[in-house]
$ cat entry-v2.pdb   # PDB, C-alpha atoms, pLDDT in the B column
ATOM      1  CA  MET A   1      74.804  68.957  -4.809  1.00 69.00           C
ATOM      2  CA  PHE A   2      76.277  68.255  -8.227  1.00 71.00           C
ATOM      3  CA  PHE A   3      79.811  67.877  -6.881  1.00 78.00           C
ATOM      4  CA  SER A   4      78.775  65.887  -3.812  1.00 81.00           C
ATOM      5  CA  GLY A   5      76.779  63.554  -6.065  1.00 76.00           C
ATOM      6  CA  LEU A   6      79.831  63.007  -8.261  1.00 78.00           C
ATOM      7  CA  LEU A   7      81.982  62.315  -5.197  1.00 84.00           C
ATOM      8  CA  LEU A   8      79.415  59.868  -3.832  1.00 77.00           C
ATOM      9  CA  PHE A   9      79.192  58.122  -7.204  1.00 77.00           C
ATOM     10  CA  SER A  10      82.977  57.903  -7.508  1.00 82.00           C
ATOM     11  CA  SER A  11      83.250  56.117  -4.136  1.00 82.00           C
ATOM     12  CA  ASP A  12      81.710  52.923  -5.586  1.00 77.00           C
ATOM     13  CA  PRO A  13      80.599  53.380  -9.210  1.00 77.00           C
ATOM     14  CA  ASP A  14      79.729  49.710  -9.758  1.00 76.00           C
ATOM     15  CA  MET A  15      77.224  49.789  -6.916  1.00 77.00           C
ATOM     16  CA  TYR A  16      75.392  52.711  -8.514  1.00 79.00           C
ATOM     17  CA  TYR A  17      75.877  51.894 -12.188  1.00 80.00           C
ATOM     18  CA  LEU A  18      74.418  48.397 -11.760  1.00 83.00           C
ATOM     19  CA  ASN A  19      71.543  49.601  -9.591  1.00 86.00           C
ATOM     20  CA  ARG A  20      68.247  49.804 -11.499  1.00 88.00           C
ATOM     21  CA  ALA A  21      66.879  52.501  -9.173  1.00 89.00           C
ATOM     22  CA  PHE A  22      69.927  54.676  -9.860  1.00 89.00           C
ATOM     23  CA  LEU A  23      69.453  54.297 -13.608  1.00 91.00           C
ATOM     24  CA  ILE A  24      65.776  55.245 -13.278  1.00 93.00           C
ATOM     25  CA  LYS A  25      66.767  58.257 -11.171  1.00 92.00           C
ATOM     26  CA  MET A  26      69.259  59.405 -13.803  1.00 92.00           C
ATOM     27  CA  ILE A  27      66.660  59.019 -16.570  1.00 95.00           C
ATOM     28  CA  PHE A  28      64.186  61.115 -14.591  1.00 96.00           C
ATOM     29  CA  PHE A  29      66.917  63.650 -13.777  1.00 94.00           C
ATOM     30  CA  ALA A  30      67.995  64.057 -17.404  1.00 95.00           C
ATOM     31  CA  SER A  31      64.357  64.309 -18.506  1.00 96.00           C
ATOM     32  CA  ALA A  32      63.592  66.903 -15.821  1.00 95.00           C
ATOM     33  CA  VAL A  33      66.581  69.075 -16.756  1.00 93.00           C
ATOM     34  CA  ILE A  34      65.775  68.901 -20.475  1.00 95.00           C
ATOM     35  CA  PHE A  35      62.107  69.632 -19.735  1.00 93.00           C
ATOM     36  CA  HIS A  36      63.069  72.609 -17.571  1.00 91.00           C
ATOM     37  CA  TYR A  37      65.312  74.227 -20.158  1.00 92.00           C
ATOM     38  CA  THR A  38      62.861  73.704 -23.027  1.00 91.00           C
ATOM     39  CA  ILE A  39      59.140  73.560 -22.333  1.00 87.00           C
ATOM     40  CA  HIS A  40      58.994  74.795 -18.732  1.00 82.00           C
ATOM     41  CA  ARG A  41      61.266  77.786 -19.366  1.00 81.00           C
ATOM     42  CA  LYS A  42      59.318  78.796 -22.485  1.00 83.00           C
ATOM     43  CA  THR A  43      56.006  78.585 -20.609  1.00 84.00           C
ATOM     44  CA  VAL A  44      57.235  80.606 -17.622  1.00 79.00           C
ATOM     45  CA  SER A  45      58.890  83.329 -19.693  1.00 79.00           C
ATOM     46  CA  SER A  46      55.772  84.183 -21.707  1.00 75.00           C
ATOM     47  CA  GLU A  47      53.970  87.392 -20.688  1.00 74.00           C
ATOM     48  CA  THR A  48      50.508  85.878 -20.591  1.00 69.00           C
ATOM     49  CA  PRO A  49      50.176  82.478 -18.964  1.00 71.00           C
ATOM     50  CA  PRO A  50      49.201  79.857 -21.532  1.00 74.00           C
ATOM     51  CA  SER A  51      46.295  77.518 -20.951  1.00 79.00           C
ATOM     52  CA  SER A  52      48.714  74.601 -20.701  1.00 81.00           C
ATOM     53  CA  GLY A  53      50.539  76.134 -17.723  1.00 83.00           C
ATOM     54  CA  LYS A  54      49.003  73.780 -15.165  1.00 86.00           C
ATOM     55  CA  MET A  55      49.827  70.751 -17.269  1.00 89.00           C
ATOM     56  CA  VAL A  56      53.447  71.891 -17.653  1.00 88.00           C
ATOM     57  CA  ALA A  57      53.692  72.449 -13.889  1.00 87.00           C
ATOM     58  CA  CYS A  58      52.269  68.997 -13.151  1.00 92.00           C
ATOM     59  CA  ALA A  59      54.659  67.345 -15.608  1.00 93.00           C
ATOM     60  CA  SER A  60      57.582  69.126 -13.970  1.00 92.00           C
ATOM     61  CA  LEU A  61      56.476  67.989 -10.507  1.00 95.00           C
ATOM     62  CA  VAL A  62      56.103  64.385 -11.688  1.00 97.00           C
ATOM     63  CA  LEU A  63      59.597  64.391 -13.200  1.00 96.00           C
ATOM     64  CA  TRP A  64      61.234  65.801 -10.058  1.00 96.00           C
ATOM     65  CA  ALA A  65      59.221  63.432  -7.834  1.00 97.00           C
ATOM     66  CA  GLY A  66      60.616  60.586  -9.950  1.00 96.00           C
ATOM     67  CA  VAL A  67      64.134  61.838  -9.196  1.00 94.00           C
ATOM     68  CA  ILE A  68      63.368  61.895  -5.467  1.00 94.00           C
ATOM     69  CA  PHE A  69      61.763  58.459  -5.318  1.00 95.00           C
ATOM     70  CA  GLY A  70      64.483  56.994  -7.524  1.00 92.00           C
ATOM     71  CA  GLY A  71      67.067  58.277  -5.060  1.00 89.00           C
ATOM     72  CA  ILE A  72      65.175  56.895  -2.090  1.00 91.00           C
ATOM     73  CA  SER A  73      64.866  53.450  -3.673  1.00 91.00           C
ATOM     74  CA  ILE A  74      68.608  53.152  -4.357  1.00 86.00           C
ATOM     75  CA  GLY A  75      69.065  51.827  -0.827  1.00 83.00           C
ATOM     76  CA  PHE A  76      66.425  49.148  -1.299  1.00 87.00           C
ATOM     77  CA  VAL A  77      67.721  47.692  -4.565  1.00 83.00           C
ATOM     78  CA  ASN A  78      70.863  45.547  -4.641  1.00 73.00           C
ATOM     79  CA  PRO A  79      73.612  46.437  -7.104  1.00 66.00           C
ATOM     80  CA  GLY A  80      73.025  43.156  -8.921  1.00 60.00           C
ATOM     81  CA  LEU A  81      69.576  44.414  -9.950  1.00 51.00           C
ATOM     82  CA  ASN A  82      67.888  42.177  -7.359  1.00 55.00           C
ATOM     83  CA  ILE A  83      65.426  43.498  -4.831  1.00 55.00           C
ATOM     84  CA  HIS A  84      66.135  42.291  -1.305  1.00 56.00           C
ATOM     85  CA  LEU A  85      63.360  41.935   1.199  1.00 50.00           C
TER
END
$ encode --input "entry-v2.pdb" --output "structure tokens"
Amino acid sequence: MFFSGLLLFSSDPDMYYLNRAFLIKMIFFASAVIFHYTIHRKTVSSETPPSSGKMVACASLVLWAGVIFGGISIGFVNPGLNIHL
């Protein structure tokens, strides 16, 4: 998916770079990856589940849902940062 995403982005970078939904998706994606390799990984690797485990799981789901909905909304937002109806 990483390579196909790069190939898709390279086909028309201005369309994606100027798209607000794409920028939101990339912010959520970077946040989700950082969250996974820091807080989520530390919580999962502990022997006894901490009391904050459910909150960490919910935060992870919200971040990845933001990536999904950001990707879906790319098609509905014009590259000029205008929403067309």
$ residues_around --input "entry-v2.pdb" --residues "Ser31 in chain A" --least-positions-apart "6" --cutoff "10 Å" --atoms "all atoms listed in the file" --output "list in words"
Lys25, Ser60, Leu63, Trp64 and Val67 of chain A
$ write_last_selection --input "entry-v2.pdb" --atoms "C-alpha atoms" --output "compact mmCIF listing (two decimals), in the frame of the given file"
# COMPACT_ATOMS: atom_id res chain seq x y z
CA LYS A 25 66.77 58.26 -11.17
CA SER A 60 57.58 69.13 -13.97
CA LEU A 63 59.60 64.39 -13.20
CA TRP A 64 61.23 65.80 -10.06
CA VAL A 67 64.13 61.84 -9.20
$ residues_around --input "entry-v2.pdb" --residues "Ala21 in chain A" --least-positions-apart "2" --cutoff "9 Å" --atoms "all atoms listed in the file" --output "list in words"
Tyr16, Leu18, Asn19, Leu23, Ile24, Lys25, Met26, Phe69, Gly70, Gly71, Ile72, Ser73, Ile74, Gly75, Phe76, Val77 and Leu81 of chain A
$ write_last_selection --input "entry-v2.pdb" --atoms "C-alpha atoms" --output "CSV table (one decimal), in the coordinates of the input"
chain,number,residue,atom,x,y,z
A,16,TYR,CA,75.4,52.7,-8.5
A,18,LEU,CA,74.4,48.4,-11.8
A,19,ASN,CA,71.5,49.6,-9.6
A,23,LEU,CA,69.5,54.3,-13.6
A,24,ILE,CA,65.8,55.2,-13.3
A,25,LYS,CA,66.8,58.3,-11.2
A,26,MET,CA,69.3,59.4,-13.8
A,69,PHE,CA,61.8,58.5,-5.3
A,70,GLY,CA,64.5,57.0,-7.5
A,71,GLY,CA,67.1,58.3,-5.1
A,72,ILE,CA,65.2,56.9,-2.1
A,73,SER,CA,64.9,53.4,-3.7
A,74,ILE,CA,68.6,53.2,-4.4
A,75,GLY,CA,69.1,51.8,-0.8
A,76,PHE,CA,66.4,49.1,-1.3
A,77,VAL,CA,67.7,47.7,-4.6
A,81,LEU,CA,69.6,44.4,-10.0
$ atom_distance --input "entry-v2.pdb" --atom1 "CA of Ala57 in chain A" --atom2 "CA of Thr43 in chain A"
9.4 Å
$ atom_distance --input "entry-v2.pdb" --atom1 "CA of Phe22 in chain A" --atom2 "CA of Ser10 in chain A"
13.6 Å
$ atom_distance --input "entry-v2.pdb" --atom1 "CA of Asp14 in chain A" --atom2 "CA of Val62 in chain A"
27.9 Å
$ closest_residue --input "entry-v2.pdb" --among "A:Tyr17, A:Leu61, A:Ile27, A:Leu7" --to "His40 in chain A" --atoms "only C-alpha atoms"
A:Leu61
$ closest_residue --input "entry-v2.pdb" --among "A:Val44, A:Leu8, A:Met15, A:Ala32" --to "Gly66 in chain A" --atoms "all atoms listed in the file"
A:Ala32
$ axis_aligned_box --input "entry-v2.pdb" --around "range 34-41 of chain A" --padding-each-side "5 Å" --output "JSON"
{"center_x": 62.4, "center_y": 73.3, "center_z": -20.3, "size_x": 16.8, "size_y": 18.9, "size_z": 15.5}
